Amino acid sequence: MNIANSLGAALGGLVIAQGLGYLAPFWLGASLGVVGCVMAAAGFAADNRSARTAKAHSQETANAA
């Protein structure tokens, strides 16, 4: 969290320094938030998929015994 906070501040300062205006950090923050949500959703989907696979494997093992 600390890295993300400091990176966001640095990128916000960078877009202002590039002359993109004071609304640019808002758009940068919004786009980084969307990217973060997409990454979180992908992580949750992968976790659910691995949990289903592990559950199916344990059921196959129990049925074979």
# chains A, B, ... in the order shown; residues from 1 in each chain; ligands from 1
$ residues_around --residues "Leu7 (chain A)" --least-positions-apart "5" --cutoff "12 Å" --atoms "only C-alpha atoms" --output "tab-separated table (two decimals) with C-alpha atoms, in the first residue's frame"
chain	number	residue	atom	x	y	z
A	1	MET	CA	0.00	0.00	0.00
A	2	ASN	CA	2.81	2.42	0.78
A	12	GLY	CA	0.34	12.82	-10.20
A	13	GLY	CA	3.19	15.28	-9.84
A	14	LEU	CA	4.69	14.07	-13.09
A	28	LEU	CA	-4.60	9.23	-13.99
A	29	GLY	CA	-5.96	8.15	-10.61
A	32	LEU	CA	-5.10	3.42	-12.17
$ atom_distance --atom1 "CA of Gly21 (chain A)" --atom2 "CA of Gly8 (chain A)"
16.1 Å
$ atom_distance --atom1 "CA of Ala41 (chain A)" --atom2 "CA of Asn5 (chain A)"
20.5 Å
$ decode --residues "region 13-29 of chain A" --atoms "N, CA and C atoms" --output "PDB file, in the first residue's frame"
ATOM      1  N   GLY A  13       2.286  14.144  -9.671  1.00  0.00           N
ATOM      2  CA  GLY A  13       3.186  15.284  -9.835  1.00  0.00           C
ATOM      3  C   GLY A  13       3.808  15.314 -11.215  1.00  0.00           C
ATOM      4  N   LEU A  14       4.085  14.153 -11.758  1.00  0.00           N
ATOM      5  CA  LEU A  14       4.689  14.075 -13.086  1.00  0.00           C
ATOM      6  C   LEU A  14       3.744  14.599 -14.160  1.00  0.00           C
ATOM      7  N   VAL A  15       2.474  14.231 -14.091  1.00  0.00           N
ATOM      8  CA  VAL A  15       1.550  14.708 -15.124  1.00  0.00           C
ATOM      9  C   VAL A  15       1.314  16.209 -14.997  1.00  0.00           C
ATOM     10  N   ILE A  16       1.343  16.734 -13.789  1.00  0.00           N
ATOM     11  CA  ILE A  16       1.219  18.187 -13.629  1.00  0.00           C
ATOM     12  C   ILE A  16       2.467  18.873 -14.174  1.00  0.00           C
ATOM     13  N   ALA A  17       3.634  18.309 -13.890  1.00  0.00           N
ATOM     14  CA  ALA A  17       4.889  18.886 -14.368  1.00  0.00           C
ATOM     15  C   ALA A  17       4.991  18.849 -15.893  1.00  0.00           C
ATOM     16  N   GLN A  18       4.327  17.905 -16.511  1.00  0.00           N
ATOM     17  CA  GLN A  18       4.347  17.807 -17.966  1.00  0.00           C
ATOM     18  C   GLN A  18       3.418  18.832 -18.613  1.00  0.00           C
ATOM     19  N   GLY A  19       2.707  19.576 -17.799  1.00  0.00           N
ATOM     20  CA  GLY A  19       1.842  20.628 -18.320  1.00  0.00           C
ATOM     21  C   GLY A  19       0.469  20.146 -18.748  1.00  0.00           C
ATOM     22  N   LEU A  20       0.043  19.015 -18.229  1.00  0.00           N
ATOM     23  CA  LEU A  20      -1.253  18.465 -18.621  1.00  0.00           C
ATOM     24  C   LEU A  20      -2.412  19.055 -17.823  1.00  0.00           C
ATOM     25  N   GLY A  21      -2.128  19.894 -16.869  1.00  0.00           N
ATOM     26  CA  GLY A  21      -3.180  20.561 -16.112  1.00  0.00           C
ATOM     27  C   GLY A  21      -3.473  19.875 -14.796  1.00  0.00           C
ATOM     28  N   TYR A  22      -4.322  20.541 -14.024  1.00  0.00           N
ATOM     29  CA  TYR A  22      -4.625  20.035 -12.692  1.00  0.00           C
ATOM     30  C   TYR A  22      -5.708  18.960 -12.686  1.00  0.00           C
ATOM     31  N   LEU A  23      -6.361  18.716 -13.795  1.00  0.00           N
ATOM     32  CA  LEU A  23      -7.318  17.613 -13.868  1.00  0.00           C
ATOM     33  C   LEU A  23      -6.646  16.306 -14.269  1.00  0.00           C
ATOM     34  N   ALA A  24      -5.440  16.377 -14.792  1.00  0.00           N
ATOM     35  CA  ALA A  24      -4.744  15.171 -15.243  1.00  0.00           C
ATOM     36  C   ALA A  24      -4.524  14.156 -14.115  1.00  0.00           C
ATOM     37  N   PRO A  25      -4.169  14.589 -12.888  1.00  0.00           N
ATOM     38  CA  PRO A  25      -4.023  13.585 -11.825  1.00  0.00           C
ATOM     39  C   PRO A  25      -5.325  12.846 -11.519  1.00  0.00           C
ATOM     40  N   PHE A  26      -6.445  13.546 -11.679  1.00  0.00           N
ATOM     41  CA  PHE A  26      -7.737  12.877 -11.482  1.00  0.00           C
ATOM     42  C   PHE A  26      -7.914  11.748 -12.487  1.00  0.00           C
ATOM     43  N   TRP A  27      -7.676  12.034 -13.751  1.00  0.00           N
ATOM     44  CA  TRP A  27      -7.840  11.016 -14.795  1.00  0.00           C
ATOM     45  C   TRP A  27      -6.819   9.896 -14.644  1.00  0.00           C
ATOM     46  N   LEU A  28      -5.618  10.249 -14.245  1.00  0.00           N
ATOM     47  CA  LEU A  28      -4.599   9.227 -13.988  1.00  0.00           C
ATOM     48  C   LEU A  28      -5.027   8.331 -12.832  1.00  0.00           C
ATOM     49  N   GLY A  29      -5.505   8.936 -11.754  1.00  0.00           N
ATOM     50  CA  GLY A  29      -5.963   8.155 -10.605  1.00  0.00           C
ATOM     51  C   GLY A  29      -7.148   7.271 -10.932  1.00  0.00           C
TER      52      GLY A  29
END
